[in-house]
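**Student:** Just structure-v3.cif, nothing more (mmCIF, C-alpha atoms):
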data_upload
loop_
_atom_site.label_atom_id
_atom_site.label_comp_id
_atom_site.auth_asym_id
_atom_site.auth_seq_id
_atom_site.Cartn_x
_atom_site.Cartn_y
_atom_site.Cartn_z
CA MET A 284 -64.01 6.45 0.15
CA ARG A 285 -60.85 8.54 -0.15
CA ILE A 286 -57.69 6.82 1.08
CA GLY A 287 -54.17 8.16 1.49
CA ILE A 288 -51.12 6.03 0.79
CA PHE A 289 -47.90 7.33 2.32
CA GLY A 290 -44.88 5.36 1.17
CA GLY A 291 -41.29 5.77 2.16
CA THR A 292 -38.29 4.34 3.91
CA PHE A 293 -39.35 5.77 7.28
CA ASP A 294 -35.83 5.46 8.68
CA PRO A 295 -36.81 6.67 11.15
CA PRO A 296 -40.41 7.81 11.06
CA HIS A 297 -40.57 11.29 12.56
CA PHE A 298 -42.94 14.05 13.57
CA GLY A 299 -42.76 15.57 10.09
CA HIS A 300 -44.23 12.39 8.59
CA LEU A 301 -47.14 12.57 11.03
CA VAL A 302 -47.74 16.25 10.25
CA ILE A 303 -47.72 15.56 6.49
CA ALA A 304 -50.22 12.72 6.89
CA THR A 305 -52.42 14.80 9.19
CA GLU A 306 -52.48 17.75 6.78
CA ALA A 307 -53.15 15.52 3.76
CA ARG A 308 -55.98 13.75 5.60
CA ALA A 309 -57.61 17.03 6.61
CA HIS A 310 -57.12 18.81 3.28
CA LEU A 311 -58.30 15.92 1.10
CA GLY A 312 -60.94 14.48 3.42
CA LEU A 313 -59.22 11.11 3.62
CA ALA A 314 -60.95 8.39 5.61
CA GLN A 315 -57.61 6.71 6.40
CA VAL A 316 -53.91 7.17 5.72
CA TYR A 317 -51.84 4.01 5.29
CA PHE A 318 -48.12 4.21 5.95
CA VAL A 319 -46.28 1.80 3.64
CA PRO A 320 -42.64 1.24 4.61
CA ALA A 321 -40.54 0.14 1.65
CA ARG A 322 -38.86 -3.25 1.92
CA LEU A 323 -36.22 -2.32 -0.63
CA PRO A 324 -36.37 1.35 -1.74
CA PRO A 325 -35.15 1.43 -5.37
CA HIS A 326 -33.71 4.96 -5.07
CA LYS A 327 -31.71 4.01 -1.97
CA LEU A 328 -30.08 0.74 -3.04
CA ASN A 329 -26.60 2.08 -2.28
CA GLU A 330 -27.55 3.61 1.08
CA LYS A 331 -27.46 1.95 4.45
CA ILE A 332 -30.93 1.70 5.96
CA SER A 333 -32.22 0.11 9.13
CA ALA A 334 -33.61 -3.41 9.10
CA LEU A 335 -37.18 -3.68 7.83
CA ALA A 336 -38.42 -5.21 11.09
CA ASP A 337 -37.04 -2.24 13.04
CA ARG A 338 -38.61 0.30 10.66
CA LEU A 339 -41.98 -1.49 10.83
CA ALA A 340 -41.86 -1.47 14.63
CA MET A 341 -40.98 2.23 14.69
CA VAL A 342 -43.82 3.12 12.30
CA GLN A 343 -46.30 1.08 14.33
CA LEU A 344 -45.26 2.87 17.52
CA ALA A 345 -45.63 6.25 15.80
CA LEU A 346 -49.15 5.40 14.60
CA ASP A 347 -50.53 3.63 17.66
CA ASP A 348 -52.50 6.55 19.10
CA ASN A 349 -54.02 7.83 15.84
CA PRO A 350 -57.24 6.14 14.63
CA TRP A 351 -56.88 7.66 11.12
CA PHE A 352 -53.45 6.15 10.49
CA ALA A 353 -52.58 2.52 9.86
CA LEU A 354 -49.51 0.48 8.96
CA SER A 355 -49.64 -1.40 5.67
CA LEU A 356 -47.38 -4.38 5.03
CA ALA A 357 -48.03 -4.20 1.27
CA GLU A 358 -44.34 -3.73 0.47
CA ALA A 359 -42.91 -5.50 3.50
CA ASN A 360 -44.45 -8.81 2.45
CA ARG A 361 -43.45 -8.55 -1.21
CA PRO A 362 -39.97 -9.52 -2.44
CA GLY A 363 -37.84 -7.37 -4.71
CA PRO A 364 -37.69 -3.61 -5.11
CA SER A 365 -40.57 -1.60 -3.65
CA TYR A 366 -42.07 0.05 -6.70
CA THR A 367 -44.96 2.39 -5.89
CA VAL A 368 -46.93 1.37 -8.97
CA ASP A 369 -46.91 -2.27 -7.80
CA THR A 370 -48.01 -1.21 -4.33
CA ILE A 371 -50.93 0.81 -5.67
CA HIS A 372 -51.99 -2.14 -7.85
CA PHE A 373 -51.93 -4.38 -4.79
CA LEU A 374 -53.78 -1.93 -2.55
CA GLN A 375 -56.53 -1.34 -5.11
CA HIS A 376 -57.67 -4.88 -4.37
CA GLU A 377 -57.54 -4.34 -0.61
CA PHE A 378 -60.05 -1.47 -0.57
CA PRO A 379 -63.67 -1.18 -1.74
CA PRO A 380 -63.92 -0.80 -5.56
CA ALA A 381 -65.10 2.82 -5.44
CA SER A 382 -62.12 3.94 -3.33
CA GLU A 383 -60.14 6.93 -4.54
CA LEU A 384 -56.44 6.56 -3.78
CA PHE A 385 -54.09 9.47 -3.13
CA PHE A 386 -50.36 8.79 -3.02
CA ILE A 387 -48.83 11.29 -0.59
CA MET A 388 -45.43 12.63 -1.61
CA GLY A 389 -43.17 15.64 -1.26
CA MET A 390 -42.32 18.14 -3.98
CA ASP A 391 -38.84 16.59 -4.22
CA SER A 392 -40.38 13.22 -5.12
CA LEU A 393 -42.67 14.81 -7.69
CA ALA A 394 -39.67 16.39 -9.40
CA GLU A 395 -38.02 12.94 -9.58
CA LEU A 396 -41.15 11.09 -10.73
CA PRO A 397 -39.92 10.60 -14.33
CA THR A 398 -37.13 8.40 -12.90
CA TRP A 399 -39.60 6.14 -11.06
CA HIS A 400 -40.73 2.75 -12.31
CA GLN A 401 -43.75 3.14 -14.64
CA PRO A 402 -44.73 6.70 -13.66
CA GLN A 403 -47.33 6.90 -16.45
CA GLU A 404 -49.17 3.90 -15.07
CA LEU A 405 -48.89 5.25 -11.52
CA ILE A 406 -50.76 8.46 -12.34
CA GLU A 407 -53.47 6.41 -14.04
CA LEU A 408 -54.00 4.41 -10.83
CA CYS A 409 -54.08 7.19 -8.26
CA GLN A 410 -53.89 10.90 -7.66
CA LEU A 411 -50.71 12.44 -6.30
CA ALA A 412 -51.11 14.47 -3.12
CA VAL A 413 -48.02 16.66 -3.22
CA LEU A 414 -46.78 18.67 -0.26
CA LYS A 415 -44.71 21.72 -0.99
CA ARG A 416 -41.28 21.74 0.62
CA PRO A 417 -39.01 24.74 1.06
CA GLY A 418 -36.11 24.61 -1.37
CA TYR A 419 -37.83 22.19 -3.78
CA ALA A 420 -39.77 22.90 -6.93
CA ALA A 421 -41.24 20.89 -9.77
CA ASN A 422 -42.17 22.33 -13.14
CA LEU A 423 -45.54 20.81 -14.03
CA ASP A 424 -45.24 21.85 -17.68
CA GLU A 425 -41.96 19.95 -18.00
CA LEU A 426 -43.39 16.97 -16.12
CA GLU A 427 -46.42 16.98 -18.44
CA GLN A 428 -44.10 16.53 -21.42
CA LYS A 429 -42.47 13.50 -19.78
CA ILE A 430 -45.61 12.04 -18.16
CA PRO A 431 -48.67 13.12 -20.17
CA GLY A 432 -51.71 13.73 -17.98
CA ILE A 433 -49.83 14.38 -14.76
CA LYS A 434 -51.12 17.94 -14.38
CA ALA A 435 -54.65 16.62 -13.93
CA ARG A 436 -53.53 14.04 -11.35
CA VAL A 437 -51.66 16.34 -8.94
CA VAL A 438 -53.25 17.95 -5.92
CA PHE A 439 -51.10 20.33 -3.88
#
As structure tokens, what does this structure read like?

**Tutor:**
Amino acid sequence: MRIGIFGGTFDPPHFGHLVIATEARAHLGLAQVYFVPARLPPHKLNEKISALADRLAMVQLALDDNPWFALSLAEANRPGPSYTVDTIHFLQHEFPPASELFFIMGMDSLAELPTWHQPQELIELCQLAVLKRPGYAANLDELEQKIPGIKARVVF
């Protein structure tokens, strides 16, 4: 089973998030896309964000009428910073063993991946489903030097 994991602050969730998830699901043949709101986004520690309960409620409302989307509390129920690698570790045990996980992200996030917590381990746990965004680019050759093996783990 192929499963999409879409993490983020979702402050607020918007139509663009739903379009991204819809396109990723269709393009990759995902059985389900789980939206995972971050409790404490490590790259936004100095930014003001809405309360977690409010963001969870907004995401749930946005997903209510779509049977292929679901809200995951994987980060909401875990203390400390919301590191994607920890979330993927946790979710691996929530799905059948043969599940193939795709972490959905934008090109801007891919370019910043070397600054993430344990990016090497992340690409060993899941594939990266990367959506191109106007005005953003990531050089896969440069990323490969910083995170060996990433080129084989990215799907555009």

**Student:** Which residues, named as in the file, does the PyMOL selection byres ((chain A and resi 390-394) around 7) pick out? Answer as a PyMOL selection string.

**Tutor:** chain A and resi 388-389+395-396+413-416+419-421

**Student:** Restrict the selected residues to C-alpha atoms and save them as a PDB file, keeping the file's coordinate frame.

**Tutor:**
ATOM      1  CA  MET A 388     -45.430  12.630  -1.610  1.00  0.00           C
ATOM      2  CA  GLY A 389     -43.170  15.640  -1.260  1.00  0.00           C
ATOM      3  CA  GLU A 395     -38.020  12.940  -9.580  1.00  0.00           C
ATOM      4  CA  LEU A 396     -41.150  11.090 -10.730  1.00  0.00           C
ATOM      5  CA  VAL A 413     -48.020  16.660  -3.220  1.00  0.00           C
ATOM      6  CA  LEU A 414     -46.780  18.670  -0.260  1.00  0.00           C
ATOM      7  CA  LYS A 415     -44.710  21.720  -0.990  1.00  0.00           C
ATOM      8  CA  ARG A 416     -41.280  21.740   0.620  1.00  0.00           C
ATOM      9  CA  TYR A 419     -37.830  22.190  -3.780  1.00  0.00           C
ATOM     10  CA  ALA A 420     -39.770  22.900  -6.930  1.00  0.00           C
ATOM     11  CA  ALA A 421     -41.240  20.890  -9.770  1.00  0.00           C
TER      12      ALA A 421
END

**Student:** Please evaluate the PyMOL selection byres ((chain A and resi 411) around 10) against the displayed coordinates and give the resulting residues as JSON, numbers by chain.

**Tutor:** {"A": [287, 288, 384, 385, 386, 387, 388, 389, 393, 405, 406, 408, 409, 410, 412, 413, 414, 433, 434, 435, 436, 437, 438, 439]}

**Student:** Quick check on the file I pasted: which residues fall under the PyMOL selection byres ((chain A and resi 360-368) around 6)? Write them as a list in words.

**Tutor:**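 Applied to this file, the PyMOL selection byres ((chain A and resi 360-368) around 6) selects Ala321, Leu323, Pro324, Pro325, Leu356, Ala357, Glu358, Ala359, Asp369, Thr370, Ile371 and Leu405 of chain A.
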
**Student:** Nearest to Leu339 in chain A: which of A:Pro417, A:Pro397, A:Gly432, A:Pro320 is it, counting only C-alpha atoms?

**Tutor:**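 Of A:Pro417, A:Pro397, A:Gly432, A:Pro320, the one nearest Leu339 in chain A, counting only C-alpha atoms, is A:Pro320.
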
**Student:** Which residue, A:His310, A:Gln403, A:Asn349, A:Ala304, has the smallest gap to Leu426 in chain A when you use all atoms listed in the file?

**Tutor:**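 Among the listed residues, A:Gln403 lies closest to Leu426 in chain A.
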
**Student:** A:Gln315, A:Thr305, A:Thr292, A:Ser355: which is nearest Asp337 in chain A, counting only C-alpha atoms?

**Tutor:**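 Selected residue with least distance to Asp337 in chain A: A:Thr292.
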
**Student:** In Å, how far is it from CA of Phe352 in chain A to CA of Phe318 in chain A?

**Tutor:** 7.3 Å

**Student:** Give me the residues near Pro350 in chain A as a PDB file with C-alpha atoms, keeping the file's coordinate frame, where near means some atom within 12 Å (using all atoms listed in the file) and where sequence neighbours in that chain fewer than 3 positions away do not count.

**Tutor:**
ATOM      1  CA  THR A 305     -52.420  14.800   9.190  1.00  0.00           C
ATOM      2  CA  ARG A 308     -55.980  13.750   5.600  1.00  0.00           C
ATOM      3  CA  ALA A 314     -60.950   8.390   5.610  1.00  0.00           C
ATOM      4  CA  GLN A 315     -57.610   6.710   6.400  1.00  0.00           C
ATOM      5  CA  VAL A 316     -53.910   7.170   5.720  1.00  0.00           C
ATOM      6  CA  TYR A 317     -51.840   4.010   5.290  1.00  0.00           C
ATOM      7  CA  ALA A 345     -45.630   6.250  15.800  1.00  0.00           C
ATOM      8  CA  LEU A 346     -49.150   5.400  14.600  1.00  0.00           C
ATOM      9  CA  ASP A 347     -50.530   3.630  17.660  1.00  0.00           C
ATOM     10  CA  ALA A 353     -52.580   2.520   9.860  1.00  0.00           C
ATOM     11  CA  LEU A 354     -49.510   0.480   8.960  1.00  0.00           C
TER      12      LEU A 354
END

**Student:** With only C-alpha atoms as the basis for distance, which of A:Phe298, A:Ala309, A:Leu374, A:Phe293 is at the shortest distance from Ala336 in chain A?

**Tutor:**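 Distance minimum relative to Ala336 in chain A lands on A:Phe293.
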
**Student:** In Å, how far is it from CA of Glu306 in chain A to CA of Met341 in chain A?

**Tutor:**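 Separating CA of Glu306 in chain A from CA of Met341 in chain A is a distance of 20.9 Å.
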
**Student:** Can you work out the spacing between CA of Asp348 in chain A and CA of Ile286 in chain A in Å, to one decimal?

**Tutor:** 18.8 Å

**Student:** Please return the centre and edge lengths, in Å to one decimal, of a box with edges along x, y and z that contains all listed atoms of range 352-367 of chain A, widened by 8 Å on every side, as AutoDock Vina command-line options.

**Tutor:**
--center_x -45.6 --center_y -1.7 --center_z 1.9 --size_x 31.8 --size_y 31.7 --size_z 33.2

**Student:** Quick one: residues within 6 Å of Arg285 in chain A, all atoms listed in the file counted, chain neighbours fewer than 6 positions away excluded, as a ChimeraX atom specification?

**Tutor:** /A:313-314,382-383

**Student:** For the residues in the current selection, export C-alpha atoms as a short mmCIF file (atom, residue, chain, number, x, y, z; two decimals), in the coordinates of the input.

**Tutor:**
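What landed in selection_4.cif:
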data_model
loop_
_atom_site.label_atom_id
_atom_site.label_comp_id
_atom_site.auth_asym_id
_atom_site.auth_seq_id
_atom_site.Cartn_x
_atom_site.Cartn_y
_atom_site.Cartn_z
CA LEU A 313 -59.22 11.11 3.62
CA ALA A 314 -60.95 8.39 5.61
CA SER A 382 -62.12 3.94 -3.33
CA GLU A 383 -60.14 6.93 -4.54
#

**Student:** Rank nothing, just name the residue among A:Gly418, A:His326, A:Leu301, A:Pro380 nearest to Gln343 in chain A, using only C-alpha atoms.

**Tutor:**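 Nearest to Gln343 in chain A: A:Leu301.
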